[in-house]
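Colleague: What follows is a single structure, and I will ask about it in a moment.
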Amino acid sequence: MSGLPNPFGPFDMLFNNTTSVKREPKLRRLKKILSNKITNKLFGQSFAQWSRAELQSTPELDHPLTKSKRPTLLVSWAKSEDEVKEAQRLRFKVFAEEMGADLPNYADGLDVDEFDAHCDHLIIRDKDTLRVVGTYRVLPPHKAQEIGKLYSDSEFDLSRLDHLRPRMVEVGRSCVHQDYRSGLVIMALWSGLAEYMLKNDYEIMLGCASIPMSDGGHFAASFYNSLSNDDMAPIENHCFPKVPLPLSRLNRGLVVAAPPLIKGYLNLGAKICSAPAWDPDFNTADLLTMLRLSEINPRYAKHFFKKAK
């Protein structure tokens, strides 16, 4: 499962490595964004509505922030094998222990796969405890070339995107500790990813937006059926699932609301490139999703790009 995060958090709230969010004078702007109408338009009513699978794919309220006060966050990129293991340990806790994903049972409780050694790992720490509370991994184009594939290649035929690979990054394995599932952590993660994209002159983000299938897939089928032509990528960018969700055998007529983060992607200008694929290890329906920096919705771009360049 390679969830696509929205990289376009507040671009005027970018962090250097190990920069404390509290020390940034622009935190006031971040807090305003978390509660203002821009946030509501992007994601719906509540940032607390993250799914357990990747905090991005269910309409039900899950785990709100349980700490008594807002944490102070440190945003950095893993610089050592030990830091990567901290991220992998959080991933195992969320995906395997919490969600029951079928992951290899490493003795030290780590979620490890062949892509990790080629990825850059974004980590968010609670400054008070130094515990890693959020992470994403990023596979840049030159590293994807080294390994010879993207994670998404395992789920989709990506041949129609081959010409885009030199400026395309894949982002996945996104997760946040259940005690920290709030807009503050999500915004910190996205800000770090936004800085990464701009610093390295990358144009496209690709990944799998995952929808849990605890209901057997009916919600996912109905949501996909509700997408408009404007939500879909141009036909020349369409990709094809290797294990398609059996849409014809599922109820596609349910009235469903867009999962909060997928709603955010679409509002920003992301496009869905595929019908849903079934990921049996995580029991999710995955939609291949692509977001180009050049096509971000102008309504939100002015809030995010103003201070980044």
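The way I read the labels, and the way they are meant: chains A, B, ... in the order of the structure tokens, residue 1 as the first residue of every chain, and ligand 1 as the first ligand shown, with later ones counted on from there.
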Find the nearest atom pair between each residue of range 153-253 of chain A and range 87-100 of chain A for residues within 8 Å, count only C-alpha atoms, give distances in Å to one decimal, sort rows by chain and ascending number, and present the table as a tab-separated table.
Modeller:
```
residue	atom	partner	partner_atom	distance
A:Arg173	CA	A:Arg91	CA	7.2
A:Ser174	CA	A:Arg91	CA	7.9
A:Cys175	CA	A:Arg91	CA	6.4
A:Val176	CA	A:Val94	CA	7.7
A:His177	CA	A:Val94	CA	7.0
A:Gln178	CA	A:Val94	CA	7.8
```
Colleague: Can you pull out the residues contacting Thr284 in chain A? Cut-off 7 Å, using only C-alpha atoms, and skip same-chain residues under 3 positions away; I want them as a count of residues only.
Modeller: 7
Colleague: Per residue of range 77-155 of chain A within 9 Å of range 162-166 of chain A, what are the shortest atom pair and its distance in Å to one decimal, counting only C-alpha atoms, with rows by chain and residue number, as CSV?
Modeller:
```
residue,atom,partner,partner_atom,distance
A:Pro140,CA,A:Pro166,CA,8.9
A:Pro141,CA,A:Pro166,CA,5.5
A:His142,CA,A:Pro166,CA,7.6
A:Ala144,CA,A:Arg165,CA,8.7
A:Gln145,CA,A:Arg165,CA,8.8
```
Colleague: Filtering to C-alpha atoms, could you give me those residues as a PDB file, in the first residue's frame?
Modeller:
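Full text of out-v9.pdb as output:
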```
ATOM      1  CA  PRO A 140      12.894   9.754  -6.206  1.00  0.00           C
ATOM      2  CA  PRO A 141      13.318   9.126  -9.957  1.00  0.00           C
ATOM      3  CA  HIS A 142      17.015   8.241  -9.933  1.00  0.00           C
ATOM      4  CA  ALA A 144      13.460   4.232  -8.950  1.00  0.00           C
ATOM      5  CA  GLN A 145      15.721   3.781 -11.951  1.00  0.00           C
TER       6      GLN A 145
END
```
Colleague: Which residues are close to Val138 in chain A, i.e. within 6 Å by only C-alpha atoms, leaving aside same-chain residues fewer than 2 positions away? Reply as a PDB file with N, CA and C atoms, in the first residue's frame.
Modeller:
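Wrote out-v6.pdb, looks like this:
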```
ATOM      1  N   CYS A 119      14.707   4.621  -0.701  1.00  0.00           N
ATOM      2  CA  CYS A 119      13.822   5.761  -0.439  1.00  0.00           C
ATOM      3  C   CYS A 119      14.445   6.763   0.523  1.00  0.00           C
ATOM      4  N   ASP A 120      13.968   7.997   0.455  1.00  0.00           N
ATOM      5  CA  ASP A 120      14.194   8.983   1.496  1.00  0.00           C
ATOM      6  C   ASP A 120      13.015   8.900   2.463  1.00  0.00           C
ATOM      7  N   GLU A 170       7.487   8.862  -6.216  1.00  0.00           N
ATOM      8  CA  GLU A 170       6.429   8.047  -5.630  1.00  0.00           C
ATOM      9  C   GLU A 170       6.500   8.172  -4.122  1.00  0.00           C
ATOM     10  N   VAL A 171       5.360   8.407  -3.530  1.00  0.00           N
ATOM     11  CA  VAL A 171       5.297   8.565  -2.076  1.00  0.00           C
ATOM     12  C   VAL A 171       4.354   7.515  -1.511  1.00  0.00           C
TER      13      VAL A 171
END
```
Colleague: Identify, on the basis of only C-alpha atoms, every residue whose closest approach to Met290 in chain A does not exceed 12 Å; exclude the query and any residue fewer than 5 positions from it along the same chain; express the result as a PyMOL selection string.
Modeller: chain A and resi 3-7+152+158+161+164-165+168-171+203-209+231-234+237-239+262+265-266+268-274+295-296
Colleague: Would you save the residues from that selection as a CSV table (one decimal), in the first residue's frame, using C-alpha atoms?
Modeller:
```csv
chain,number,residue,atom,x,y,z
A,3,GLY,CA,-0.6,6.0,-0.1
A,4,LEU,CA,-0.3,9.3,-1.9
A,5,PRO,CA,-0.1,12.2,0.6
A,6,ASN,CA,-0.9,15.7,-0.4
A,7,PRO,CA,2.4,17.4,-0.5
A,152,SER,CA,2.9,1.1,-8.0
A,158,LEU,CA,2.1,2.1,-15.7
A,161,LEU,CA,3.3,7.1,-17.6
A,164,LEU,CA,6.9,11.1,-17.0
A,165,ARG,CA,9.2,9.1,-14.7
A,168,MET,CA,8.0,11.9,-10.9
A,169,VAL,CA,8.4,10.8,-7.3
A,170,GLU,CA,6.4,8.0,-5.6
A,171,VAL,CA,5.3,8.6,-2.1
A,203,GLU,CA,6.9,18.0,-10.9
A,204,ILE,CA,4.7,15.0,-10.3
A,205,MET,CA,3.7,12.9,-7.3
A,206,LEU,CA,2.3,9.5,-7.8
A,207,GLY,CA,0.9,6.9,-5.4
A,208,CYS,CA,-1.9,4.7,-4.3
A,209,ALA,CA,-4.8,6.4,-2.5
A,231,ASP,CA,-11.7,13.8,-11.4
A,232,MET,CA,-10.0,11.5,-13.9
A,233,ALA,CA,-6.7,11.9,-15.6
A,234,PRO,CA,-6.6,12.3,-19.3
A,237,ASN,CA,-2.4,8.8,-18.5
A,238,HIS,CA,-4.7,6.0,-17.6
A,239,CYS,CA,-3.2,2.9,-16.0
A,262,ILE,CA,-8.9,11.8,-1.4
A,265,TYR,CA,-6.3,15.6,-3.4
A,266,LEU,CA,-9.1,16.1,-5.8
A,268,LEU,CA,-6.1,20.5,-5.0
A,269,GLY,CA,-6.1,19.2,-8.6
A,270,ALA,CA,-5.0,15.6,-8.3
A,271,LYS,CA,-6.3,13.2,-10.9
A,272,ILE,CA,-7.3,9.5,-10.6
A,273,CYS,CA,-5.5,7.4,-13.1
A,274,SER,CA,-7.1,4.0,-12.7
A,295,GLU,CA,-1.9,21.9,-12.1
A,296,ILE,CA,-2.6,22.6,-8.5
```
Colleague: Tell me, as a list of chain:residue names, which residues lie within 7 Å of Asp157 in chain A, counting only C-alpha atoms; anything in the same chain fewer than 6 positions away does not count.
Modeller: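 Result of the neighbour search: A:Cys239, A:Phe240, A:Pro241, A:Lys242.
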